>>> print(open('structure30.txt').read())   # compact mmCIF, C-alpha atoms
# COMPACT_ATOMS: atom_id res chain seq x y z
CA MET W 785 0.00 0.00 0.00
CA GLU W 786 2.75 2.43 1.00
CA ARG W 787 4.73 1.39 -2.04
CA ALA W 788 1.79 1.80 -4.40
CA ALA W 789 1.26 5.31 -3.08
CA LEU W 790 4.88 6.19 -3.77
CA LEU W 791 4.67 4.83 -7.30
CA ARG W 792 1.74 7.10 -8.05
CA ARG W 793 3.78 10.15 -7.26
CA LEU W 794 2.39 13.29 -8.79
CA THR W 795 4.59 14.62 -11.57
CA TRP W 796 4.33 17.55 -13.93
CA GLN W 797 3.64 16.68 -17.53
CA THR W 798 3.03 18.59 -20.73
CA GLY W 799 -0.27 18.82 -22.56
CA THR W 800 -0.79 20.34 -25.99
CA VAL W 801 -3.73 22.62 -26.66
CA VAL W 802 -5.79 21.10 -29.47
CA GLU W 803 -8.91 23.25 -29.35
CA ILE W 804 -10.25 26.33 -27.63
CA VAL W 805 -13.98 27.00 -27.38
CA THR W 806 -15.36 30.37 -26.31
CA GLU W 807 -18.16 29.69 -23.82
CA THR W 808 -18.96 33.22 -22.66
CA ALA W 809 -17.32 36.64 -22.91
CA HIS W 810 -14.97 35.70 -20.08
CA THR W 811 -14.88 31.91 -20.15
CA ARG W 812 -13.14 29.48 -22.49
CA THR W 813 -12.84 25.73 -22.67
CA ILE W 814 -9.33 24.49 -23.38
CA ALA W 815 -8.99 20.98 -24.79
CA LEU W 816 -5.64 19.33 -24.24
CA ASP W 817 -3.96 16.31 -25.67
CA VAL W 818 -2.10 14.77 -22.74
CA PRO W 819 0.05 11.77 -23.66
CA ASP W 820 -0.25 8.87 -21.21
CA TRP W 821 -3.19 10.46 -19.38
CA GLY W 822 -3.99 7.94 -16.67
CA GLY W 823 -7.70 8.73 -16.56
CA HIS W 824 -9.71 10.65 -13.99
CA ARG W 825 -13.02 10.73 -12.14
CA GLY W 826 -15.75 13.32 -12.58
CA GLY W 827 -15.11 16.27 -10.28
CA GLN W 828 -11.34 15.90 -10.09
CA HIS W 829 -8.89 18.73 -10.83
CA ILE W 830 -5.64 19.37 -12.56
CA ASP W 831 -3.00 21.83 -11.45
CA VAL W 832 -1.74 24.13 -14.21
CA ARG W 833 1.66 25.80 -13.88
CA LEU W 834 2.90 28.80 -15.83
CA THR W 835 6.56 29.80 -15.87
CA ALA W 836 7.61 33.34 -16.80
CA ASP W 837 10.80 34.13 -18.69
CA ASP W 838 12.47 35.12 -15.42
CA GLY W 839 11.62 31.77 -13.85
CA TYR W 840 8.69 33.00 -11.75
CA GLN W 841 6.06 30.31 -11.49
CA ALA W 842 2.37 30.47 -10.69
CA GLN W 843 0.05 27.50 -10.41
CA ARG W 844 -3.69 27.10 -10.09
CA SER W 845 -6.12 24.26 -9.75
CA TYR W 846 -8.89 23.80 -12.34
CA SER W 847 -11.80 21.38 -12.39
CA ILE W 848 -11.68 18.93 -15.27
CA ALA W 849 -14.60 19.58 -17.61
CA SER W 850 -14.32 16.46 -19.78
CA ALA W 851 -15.59 12.99 -18.95
CA PRO W 852 -13.28 10.13 -18.01
CA ALA W 853 -14.12 8.45 -21.33
CA ASP W 854 -13.28 11.51 -23.44
CA ALA W 855 -10.08 11.36 -25.47
CA ARG W 856 -9.03 14.87 -24.48
CA VAL W 857 -8.61 16.55 -21.13
CA GLU W 858 -10.63 19.76 -20.98
CA ILE W 859 -10.73 22.60 -18.52
CA THR W 860 -13.06 25.59 -18.59
CA VAL W 861 -11.45 28.74 -17.29
CA GLU W 862 -13.06 32.00 -16.25
CA ARG W 863 -10.92 35.12 -16.51
CA LEU W 864 -10.49 36.74 -13.09
CA PRO W 865 -9.73 40.48 -13.32
CA ASP W 866 -6.72 40.33 -11.01
CA GLY W 867 -5.75 36.78 -11.90
CA GLU W 868 -2.14 35.72 -12.43
CA VAL W 869 -2.98 32.65 -14.47
CA SER W 870 -6.53 32.90 -15.84
CA PRO W 871 -6.00 35.97 -18.10
CA TYR W 872 -3.22 34.12 -19.90
CA LEU W 873 -5.31 30.97 -20.29
CA VAL W 874 -8.38 32.85 -21.50
CA ASP W 875 -6.79 35.56 -23.66
CA GLU W 876 -3.35 34.40 -24.79
CA LEU W 877 -3.27 30.64 -25.10
CA ARG W 878 -3.60 29.29 -28.67
CA PRO W 879 -4.03 25.84 -30.21
CA GLY W 880 -0.63 24.21 -30.56
CA ASP W 881 0.70 25.79 -27.36
CA GLU W 882 1.95 23.56 -24.59
CA LEU W 883 0.74 23.69 -21.01
CA GLU W 884 2.41 22.26 -17.94
CA LEU W 885 0.00 20.32 -15.74
CA ARG W 886 -0.26 17.59 -13.14
CA GLY W 887 -3.10 15.42 -12.00
CA PRO W 888 -5.73 14.28 -11.73
CA VAL W 889 -6.03 15.30 -8.08
CA GLY W 890 -8.84 15.26 -5.55
CA GLY W 891 -10.96 12.49 -4.11
CA TYR W 892 -13.65 14.26 -2.10
CA PHE W 893 -15.66 16.20 -4.67
CA VAL W 894 -15.95 13.31 -7.12
CA TRP W 895 -18.76 11.17 -8.46
CA GLN W 896 -18.51 7.90 -10.39
CA ASP W 897 -21.55 5.63 -10.44
CA SER W 898 -21.41 5.32 -6.73
CA PRO W 899 -22.16 6.76 -4.32
CA GLY W 900 -25.61 6.44 -5.76
CA GLY W 901 -28.35 8.96 -5.74
CA PRO W 902 -30.57 10.46 -6.42
CA LEU W 903 -28.18 13.28 -7.17
CA LEU W 904 -28.69 16.98 -6.76
CA LEU W 905 -26.09 19.21 -8.39
CA ILE W 906 -26.13 22.90 -7.54
CA ALA W 907 -23.92 25.21 -9.59
CA GLY W 908 -23.27 28.91 -9.29
CA GLY W 909 -21.64 30.58 -12.30
CA SER W 910 -18.56 28.69 -13.47
CA GLY W 911 -19.20 26.19 -10.67
CA ILE W 912 -20.90 24.20 -13.43
CA VAL W 913 -17.54 22.88 -14.70
CA PRO W 914 -17.08 19.74 -12.57
CA PHE W 915 -20.75 18.87 -13.17
CA ARG W 916 -20.19 18.76 -16.91
CA SER W 917 -17.63 16.02 -16.28
CA MET W 918 -19.98 14.16 -13.93
CA LEU W 919 -22.98 14.49 -16.27
CA ARG W 920 -21.01 13.41 -19.33
CA HIS W 921 -19.81 10.43 -17.33
CA HIS W 922 -23.38 9.71 -16.26
CA ARG W 923 -24.40 9.61 -19.94
CA SER W 924 -21.42 7.60 -21.12
CA ILE W 925 -21.97 4.80 -18.60
CA HIS W 926 -25.77 4.92 -19.16
CA SER W 927 -26.30 5.46 -15.46
CA THR W 928 -29.86 5.15 -14.21
CA VAL W 929 -29.19 7.39 -11.20
CA PRO W 930 -31.68 10.28 -11.41
CA VAL W 931 -30.01 13.68 -11.45
CA ARG W 932 -31.37 17.15 -10.86
CA LEU W 933 -29.20 20.12 -11.72
CA LEU W 934 -29.93 23.60 -10.43
CA TYR W 935 -27.78 26.17 -12.19
CA SER W 936 -27.72 29.81 -11.11
CA VAL W 937 -26.28 32.54 -13.32
CA ARG W 938 -26.74 36.27 -13.41
CA ALA W 939 -27.71 36.60 -17.06
CA PRO W 940 -28.31 34.44 -20.16
CA GLU W 941 -24.91 35.42 -21.58
CA ASP W 942 -23.23 33.93 -18.48
CA LEU W 943 -24.60 30.45 -19.16
CA VAL W 944 -21.74 28.02 -19.80
CA TYR W 945 -22.37 24.83 -21.84
CA ARG W 946 -25.86 26.05 -22.77
CA GLU W 947 -26.47 23.70 -25.71
CA GLU W 948 -24.92 20.66 -24.10
CA LEU W 949 -26.99 21.12 -20.94
CA MET W 950 -30.18 21.51 -22.94
CA ARG W 951 -29.34 18.31 -24.81
CA MET W 952 -28.65 16.47 -21.55
CA ALA W 953 -31.97 17.69 -20.16
CA THR W 954 -33.79 15.68 -22.83
CA SER W 955 -32.62 12.52 -21.04
CA ASP W 956 -35.14 10.84 -18.75
CA GLU W 957 -32.63 10.73 -15.92
CA ILE W 958 -31.50 14.36 -15.99
CA ASP W 959 -33.57 17.41 -15.06
CA VAL W 960 -32.10 20.87 -15.47
CA SER W 961 -33.45 23.96 -13.68
CA LEU W 962 -32.05 27.41 -14.35
CA THR W 963 -32.32 30.63 -12.46
CA PHE W 964 -31.28 33.99 -13.91
CA THR W 965 -30.70 36.27 -10.96
CA ARG W 966 -30.24 39.61 -12.69
CA THR W 967 -31.29 39.55 -16.34
CA GLN W 968 -33.68 37.03 -17.87
CA PRO W 969 -34.07 35.94 -21.50
CA PRO W 970 -37.09 37.44 -23.32
CA GLY W 971 -40.25 35.56 -22.42
CA TRP W 972 -38.59 33.73 -19.52
CA ASN W 973 -41.11 32.42 -17.01
CA GLY W 974 -38.72 30.36 -14.88
CA TYR W 975 -36.76 31.35 -11.80
CA ALA W 976 -35.45 34.89 -11.71
CA ARG W 977 -34.00 35.14 -8.21
CA ARG W 978 -31.17 33.84 -6.09
CA ILE W 979 -31.51 30.35 -4.72
CA ASP W 980 -33.74 30.14 -1.69
CA HIS W 981 -35.60 27.63 0.45
CA ARG W 982 -38.61 27.34 -1.87
CA MET W 983 -36.47 26.90 -4.98
CA LEU W 984 -34.51 24.07 -3.39
CA VAL W 985 -37.70 22.37 -2.22
CA GLU W 986 -39.15 22.64 -5.74
CA THR W 987 -36.07 21.62 -7.71
CA GLY W 988 -34.35 19.24 -5.29
CA TRP W 989 -35.25 15.96 -3.63
CA SER W 990 -37.14 15.26 -0.48
CA PRO W 991 -34.81 14.33 2.40
CA SER W 992 -36.61 10.97 2.54
CA ALA W 993 -35.08 10.09 -0.86
CA ASP W 994 -31.65 10.26 0.84
CA PRO W 995 -30.17 12.37 -1.96
CA LEU W 996 -26.50 13.03 -2.47
CA THR W 997 -25.78 16.69 -3.18
CA TYR W 998 -22.81 18.43 -4.75
CA ILE W 999 -22.54 22.21 -4.62
CA CYS W 1000 -19.92 24.17 -6.53
CA GLY W 1001 -19.54 27.90 -6.95
CA PRO W 1002 -18.29 31.02 -5.23
CA THR W 1003 -17.86 30.72 -1.47
CA ALA W 1004 -20.93 32.70 -0.40
CA PHE W 1005 -23.14 30.89 -2.92
CA VAL W 1006 -21.99 27.47 -1.72
CA GLU W 1007 -22.43 28.31 1.93
CA THR W 1008 -25.91 29.70 1.36
CA ALA W 1009 -26.97 26.60 -0.60
CA ALA W 1010 -25.51 24.21 1.97
CA GLU W 1011 -27.22 25.98 4.87
CA LEU W 1012 -30.56 25.99 3.04
CA LEU W 1013 -30.31 22.27 2.34
CA VAL W 1014 -29.55 21.44 5.94
CA GLY W 1015 -32.50 23.64 6.91
CA ILE W 1016 -34.72 21.53 4.64
CA GLY W 1017 -33.54 18.43 6.48
CA GLN W 1018 -30.81 17.10 4.20
CA ASP W 1019 -28.12 15.05 5.92
CA PRO W 1020 -25.03 17.33 6.06
CA ALA W 1021 -22.84 14.26 5.55
CA ARG W 1022 -24.49 13.78 2.13
CA VAL W 1023 -23.72 17.33 1.00
CA ARG W 1024 -20.32 17.83 -0.66
CA THR W 1025 -19.05 21.28 -1.39
CA GLU W 1026 -16.40 22.97 -3.47
CA ARG W 1027 -15.78 26.67 -3.03
CA PHE W 1028 -13.54 28.54 -5.42
CA GLY W 1029 -13.63 31.99 -3.95
CA GLY W 1030 -15.25 34.03 -6.65
CA ILE W 1031 -15.56 37.68 -7.29
CA GLY W 1032 -18.15 40.34 -6.84
CA GLU W 1033 -21.76 39.45 -6.47
CA ASN W 1034 -23.25 36.03 -6.14
CA PRO W 1035 -24.47 34.39 -9.34
CA MET Q 385 -14.55 35.32 3.87
CA THR Q 386 -12.89 32.17 2.67
CA ALA Q 387 -11.31 32.41 -0.73
CA LEU Q 388 -10.95 28.73 -1.59
CA ASP Q 389 -11.29 25.34 0.00
CA GLY Q 390 -9.07 22.29 0.37
CA ASN Q 391 -10.13 20.94 -3.03
CA ALA Q 392 -8.06 23.70 -4.62
CA ILE Q 393 -4.84 22.45 -3.00
CA ALA Q 394 -5.42 18.76 -3.68
CA GLY Q 395 -2.22 18.66 -5.74
CA MET Q 396 -0.09 20.22 -3.03
CA LEU Q 397 -1.53 17.88 -0.39
CA GLN Q 398 -1.00 14.86 -2.61
CA THR Q 399 2.61 15.91 -3.20
CA ALA Q 400 3.14 16.16 0.54
CA PHE Q 401 1.32 13.00 1.65
CA GLY Q 402 1.70 10.79 -1.41
CA ARG Q 403 -2.03 10.24 -1.73
CA ASP Q 404 -5.27 12.13 -2.03
CA MET Q 405 -6.02 13.99 1.19
CA THR Q 406 -9.14 15.97 0.25
CA ALA Q 407 -11.35 13.15 1.54
CA ALA Q 408 -9.25 12.61 4.68
CA LEU Q 409 -10.88 13.49 8.00
CA GLY Q 410 -9.01 16.01 10.08
CA THR Q 411 -9.98 16.58 13.70
CA CYS Q 412 -9.61 20.17 14.85
CA ALA Q 413 -7.46 20.57 17.95
CA GLY Q 414 -9.46 23.69 18.79
CA CYS Q 415 -13.09 22.57 18.70
CA GLY Q 416 -12.88 18.82 18.13
CA ALA Q 417 -14.95 18.84 14.94
CA ALA Q 418 -13.89 16.36 12.27
CA SER Q 419 -14.13 17.50 8.67
CA ARG Q 420 -12.82 16.51 5.28
CA LEU Q 421 -9.75 18.49 4.33
CA GLY Q 422 -11.56 19.34 1.07
CA GLN Q 423 -14.04 21.32 3.17
CA ALA Q 424 -11.41 23.31 5.06
CA GLY Q 425 -11.10 26.98 4.19
CA VAL Q 426 -7.84 27.75 2.40
CA TYR Q 427 -6.02 31.07 2.59
CA ARG Q 428 -2.99 31.69 0.43
CA GLY Q 429 -0.26 34.14 1.25
CA ALA Q 430 3.39 33.54 2.00
CA ALA Q 431 2.12 30.24 3.35
CA THR Q 432 -0.99 28.20 2.63
CA VAL Q 433 -3.26 28.02 5.67
CA LEU Q 434 -6.10 25.54 6.19
CA ARG Q 435 -8.78 26.52 8.67
CA CYS Q 436 -11.46 24.49 10.43
CA PRO Q 437 -14.85 24.95 8.69
CA ASN Q 438 -16.52 24.81 12.11
CA CYS Q 439 -14.47 27.23 14.25
CA GLU Q 440 -11.92 28.80 11.89
CA SER Q 441 -8.94 27.60 13.95
CA VAL Q 442 -5.80 26.94 11.96
CA LEU Q 443 -5.55 23.23 11.13
CA MET Q 444 -2.47 23.19 8.96
CA VAL Q 445 0.15 25.56 7.62
CA ILE Q 446 2.08 24.64 4.49
CA ILE Q 447 5.12 26.45 3.17
CA GLU Q 448 6.75 25.69 -0.14
CA ASN Q 449 10.32 26.75 -0.77
CA GLY Q 450 12.79 25.54 -3.32
CA GLY Q 451 10.72 22.47 -4.10
CA VAL Q 452 10.55 21.50 -0.42
CA LEU Q 453 7.24 21.44 1.45
CA GLY Q 454 7.12 22.19 5.18
CA ILE Q 455 3.91 21.34 7.01
CA ASP Q 456 2.81 22.37 10.49
CA ILE Q 457 -0.04 20.20 11.75
CA HIS Q 458 -0.21 21.43 15.34
CA GLY Q 459 -3.82 22.45 14.73
CA LEU Q 460 -4.88 18.88 14.03
CA ALA Q 461 -5.75 16.54 16.88
CA GLY Q 462 -6.12 13.71 14.40
CA LEU Q 463 -5.91 12.91 10.71
CA ARG Q 464 -7.24 9.76 9.15
CA ASP Q 465 -8.47 8.48 5.85
CA PRO Q 466 -11.86 6.80 6.30
CA GLY Q 467 -11.46 5.20 2.85
>>> encode(input="structure30.txt", output="structure tokens")
Amino acid sequence: MERAALLRRLTWQTGTVVEIVTETAHTRTIALDVPDWGGHRGGQHIDVRLTADDGYQAQRSYSIASAPADARVEITVERLPDGEVSPYLVDELRPGDELELRGPVGGYFVWQDSPGGPLLLIAGGSGIVPFRSMLRHHRSIHSTVPVRLLYSVRAPEDLVYREELMRMATSDEIDVSLTFTRTQPPGWNGYARRIDHRMLVETGWSPSADPLTYICGPTAFVETAAELLVGIGQDPARVRTERFGGIGENP
Amino acid sequence: MTALDGNAIAGMLQTAFGRDMTAALGTCAGCGAASRLGQAGVYRGAATVLRCPNCESVLMVIIENGGVLGIDIHGLAGLRDPG
């Protein structure tokens, strides 16, 4: 056991950018070809390291957006105004460029086929990224675990993976609920407010279904959602959270 | 307000411990609450500081210098991997 752990030592490797997809005005998906990628689980991360000409290094952790079965490793990166790493990844990186990375890492905020469900996924803003990996995995293994996704964004133009999510929502097992907290699409008659008790009761599962919940988004968003769920009677041990800081207002 | 959580330093923790630690249960020496390290608040400055999600006490301080990691775990009364 000790020996096996040592053999799986985490090392930096090089991926090559093969495609870049613009998701929103400040978010891009970067697809990488990583030779000898050992596979990953939905919800895991990679660390990305940039090295400046003077040797200064900065590294950040990004959720993997692609499914374990996908040929390429994808991350979706949101540009942070004061970021050291994200502006380069979103604005400068081009197909053909190389990127230093290591991973996959993480074992807490992950979903395979088990633990089972039903599943409730709650995303705020770019907190949707690990759920794309989990949902793609769910589809690729033909999982029968019922999933409900509640995705909160400020405005329609902030919606990441719009078409893919709408396609997934046609599946019997996957329900998608959206809330637009600031600006709504024309003719929208769905949720138009921040997540609250009533929204979680309507879009989530009854505590008696013993759901497993994953929440990802800015810190305040995640803490609000987790507190609301516990208030509804969800078992706190069945609520897994990932907080990535975030900027400005809540989505 | 917490900027990040322990999930964001999964790579650093794995480098230090040789395995995933985000699902490991750390017991706070301050309040006695046990929580997954992935849930701990993470603050990054000259050092990386993990704080208890229950009482905000410092659980762990990690410094990285010249490829060497130094870890202070005085704030942990226990650390185990429940599998």
>>> residues_around(input="structure30.txt", residues="range 450-462 of chain Q", least_positions_apart="3", cutoff="8 Å", atoms="all atoms listed in the file", output="PyMOL selection string")
chain Q and resi 400+409-414+416+441-447
>>> write_last_selection(input="structure30.txt", atoms="C-alpha atoms", output="compact mmCIF listing (two decimals), in the frame of the given file")
# COMPACT_ATOMS: atom_id res chain seq x y z
CA ALA Q 400 3.14 16.16 0.54
CA LEU Q 409 -10.88 13.49 8.00
CA GLY Q 410 -9.01 16.01 10.08
CA THR Q 411 -9.98 16.58 13.70
CA CYS Q 412 -9.61 20.17 14.85
CA ALA Q 413 -7.46 20.57 17.95
CA GLY Q 414 -9.46 23.69 18.79
CA GLY Q 416 -12.88 18.82 18.13
CA SER Q 441 -8.94 27.60 13.95
CA VAL Q 442 -5.80 26.94 11.96
CA LEU Q 443 -5.55 23.23 11.13
CA MET Q 444 -2.47 23.19 8.96
CA VAL Q 445 0.15 25.56 7.62
CA ILE Q 446 2.08 24.64 4.49
CA ILE Q 447 5.12 26.45 3.17
>>> interface_residues(input="structure30.txt", of="chain Q", to="chain W", cutoff="10 Å", atoms="all atoms listed in the file", output="PyMOL selection string")
chain Q and resi 385-408+419-426
>>> closest_residue(input="structure30.txt", among="W:Ala1010, W:Ala939, W:Met918, W:Ile906", to="Val960 in chain W", atoms="all atoms listed in the file")
W:Ile906
>>> residues_around(input="structure30.txt", residues="Arg812 in chain W", least_positions_apart="2", cutoff="6 Å", atoms="all atoms listed in the file", output="VMD selection string")
chain W and resid 805 to 807 860 to 861 874
>>> write_last_selection(input="structure30.txt", atoms="C-alpha atoms", output="compact mmCIF listing (two decimals), in the coordinates of the input")
# COMPACT_ATOMS: atom_id res chain seq x y z
CA VAL W 805 -13.98 27.00 -27.38
CA THR W 806 -15.36 30.37 -26.31
CA GLU W 807 -18.16 29.69 -23.82
CA THR W 860 -13.06 25.59 -18.59
CA VAL W 861 -11.45 28.74 -17.29
CA VAL W 874 -8.38 32.85 -21.50
>>> residues_around(input="structure30.txt", residues="Pro871 in chain W", least_positions_apart="6", cutoff="10 Å", atoms="all atoms listed in the file", output="list in words")
His810, Thr811, Val861, Glu862, Arg863, Leu864, Pro865 and Leu877 of chain W
>>> closest_residue(input="structure30.txt", among="W:Arg982, W:Arg932, W:Arg938, W:His922", to="Phe964 in chain W", atoms="all atoms listed in the file")
W:Arg938
>>> atom_distance(input="structure30.txt", atom1="CA of Arg966 in chain W", atom2="CA of Glu1011 in chain W")
22.4 Å
>>> residues_around(input="structure30.txt", residues="Ile814 in chain W", least_positions_apart="2", cutoff="6 Å", atoms="all atoms listed in the file", output="PyMOL selection string")
chain W and resi 804+858-859
>>> atom_distance(input="structure30.txt", atom1="CA of Thr800 in chain W", atom2="CA of Leu834 in chain W")
13.7 Å
>>> atom_distance(input="structure30.txt", atom1="CA of Gln896 in chain W", atom2="CA of Pro466 in chain Q")
18.0 Å
>>> closest_residue(input="structure30.txt", among="W:Glu941, W:Asp838, W:Asp881, W:Asp956", to="Val802 in chain W", atoms="only C-alpha atoms")
W:Asp881
>>> decode(input="structure30.txt", residues="range 933-991 of chain W", atoms="C-alpha atoms", output="PDB file, in the first residue's frame")
ATOM      1  CA  LEU W 933     -29.201  20.117 -11.724  1.00  0.00           C
ATOM      2  CA  LEU W 934     -29.934  23.601 -10.433  1.00  0.00           C
ATOM      3  CA  TYR W 935     -27.776  26.171 -12.190  1.00  0.00           C
ATOM      4  CA  SER W 936     -27.720  29.810 -11.112  1.00  0.00           C
ATOM      5  CA  VAL W 937     -26.284  32.541 -13.317  1.00  0.00           C
ATOM      6  CA  ARG W 938     -26.741  36.274 -13.405  1.00  0.00           C
ATOM      7  CA  ALA W 939     -27.712  36.604 -17.057  1.00  0.00           C
ATOM      8  CA  PRO W 940     -28.309  34.444 -20.158  1.00  0.00           C
ATOM      9  CA  GLU W 941     -24.912  35.418 -21.577  1.00  0.00           C
ATOM     10  CA  ASP W 942     -23.226  33.934 -18.485  1.00  0.00           C
ATOM     11  CA  LEU W 943     -24.595  30.454 -19.160  1.00  0.00           C
ATOM     12  CA  VAL W 944     -21.741  28.024 -19.799  1.00  0.00           C
ATOM     13  CA  TYR W 945     -22.373  24.825 -21.840  1.00  0.00           C
ATOM     14  CA  ARG W 946     -25.861  26.049 -22.772  1.00  0.00           C
ATOM     15  CA  GLU W 947     -26.468  23.698 -25.710  1.00  0.00           C
ATOM     16  CA  GLU W 948     -24.924  20.662 -24.101  1.00  0.00           C
ATOM     17  CA  LEU W 949     -26.987  21.115 -20.936  1.00  0.00           C
ATOM     18  CA  MET W 950     -30.175  21.512 -22.939  1.00  0.00           C
ATOM     19  CA  ARG W 951     -29.336  18.310 -24.813  1.00  0.00           C
ATOM     20  CA  MET W 952     -28.648  16.470 -21.552  1.00  0.00           C
ATOM     21  CA  ALA W 953     -31.965  17.692 -20.163  1.00  0.00           C
ATOM     22  CA  THR W 954     -33.793  15.678 -22.835  1.00  0.00           C
ATOM     23  CA  SER W 955     -32.625  12.522 -21.041  1.00  0.00           C
ATOM     24  CA  ASP W 956     -35.145  10.843 -18.747  1.00  0.00           C
ATOM     25  CA  GLU W 957     -32.630  10.729 -15.918  1.00  0.00           C
ATOM     26  CA  ILE W 958     -31.502  14.360 -15.991  1.00  0.00           C
ATOM     27  CA  ASP W 959     -33.572  17.407 -15.057  1.00  0.00           C
ATOM     28  CA  VAL W 960     -32.104  20.869 -15.467  1.00  0.00           C
ATOM     29  CA  SER W 961     -33.449  23.955 -13.680  1.00  0.00           C
ATOM     30  CA  LEU W 962     -32.053  27.406 -14.353  1.00  0.00           C
ATOM     31  CA  THR W 963     -32.323  30.632 -12.460  1.00  0.00           C
ATOM     32  CA  PHE W 964     -31.277  33.987 -13.908  1.00  0.00           C
ATOM     33  CA  THR W 965     -30.700  36.268 -10.964  1.00  0.00           C
ATOM     34  CA  ARG W 966     -30.237  39.608 -12.690  1.00  0.00           C
ATOM     35  CA  THR W 967     -31.290  39.546 -16.338  1.00  0.00           C
ATOM     36  CA  GLN W 968     -33.678  37.032 -17.872  1.00  0.00           C
ATOM     37  CA  PRO W 969     -34.074  35.944 -21.501  1.00  0.00           C
ATOM     38  CA  PRO W 970     -37.085  37.439 -23.316  1.00  0.00           C
ATOM     39  CA  GLY W 971     -40.253  35.563 -22.420  1.00  0.00           C
ATOM     40  CA  TRP W 972     -38.593  33.732 -19.518  1.00  0.00           C
ATOM     41  CA  ASN W 973     -41.109  32.422 -17.008  1.00  0.00           C
ATOM     42  CA  GLY W 974     -38.719  30.361 -14.882  1.00  0.00           C
ATOM     43  CA  TYR W 975     -36.758  31.350 -11.799  1.00  0.00           C
ATOM     44  CA  ALA W 976     -35.450  34.892 -11.710  1.00  0.00           C
ATOM     45  CA  ARG W 977     -33.999  35.143  -8.212  1.00  0.00           C
ATOM     46  CA  ARG W 978     -31.170  33.841  -6.086  1.00  0.00           C
ATOM     47  CA  ILE W 979     -31.505  30.346  -4.724  1.00  0.00           C
ATOM     48  CA  ASP W 980     -33.737  30.145  -1.687  1.00  0.00           C
ATOM     49  CA  HIS W 981     -35.603  27.635   0.446  1.00  0.00           C
ATOM     50  CA  ARG W 982     -38.606  27.341  -1.866  1.00  0.00           C
ATOM     51  CA  MET W 983     -36.475  26.900  -4.984  1.00  0.00           C
ATOM     52  CA  LEU W 984     -34.508  24.066  -3.389  1.00  0.00           C
ATOM     53  CA  VAL W 985     -37.700  22.372  -2.220  1.00  0.00           C
ATOM     54  CA  GLU W 986     -39.148  22.638  -5.735  1.00  0.00           C
ATOM     55  CA  THR W 987     -36.067  21.619  -7.713  1.00  0.00           C
ATOM     56  CA  GLY W 988     -34.348  19.243  -5.287  1.00  0.00           C
ATOM     57  CA  TRP W 989     -35.249  15.960  -3.634  1.00  0.00           C
ATOM     58  CA  SER W 990     -37.136  15.255  -0.481  1.00  0.00           C
ATOM     59  CA  PRO W 991     -34.809  14.326   2.396  1.00  0.00           C
TER      60      PRO W 991
END
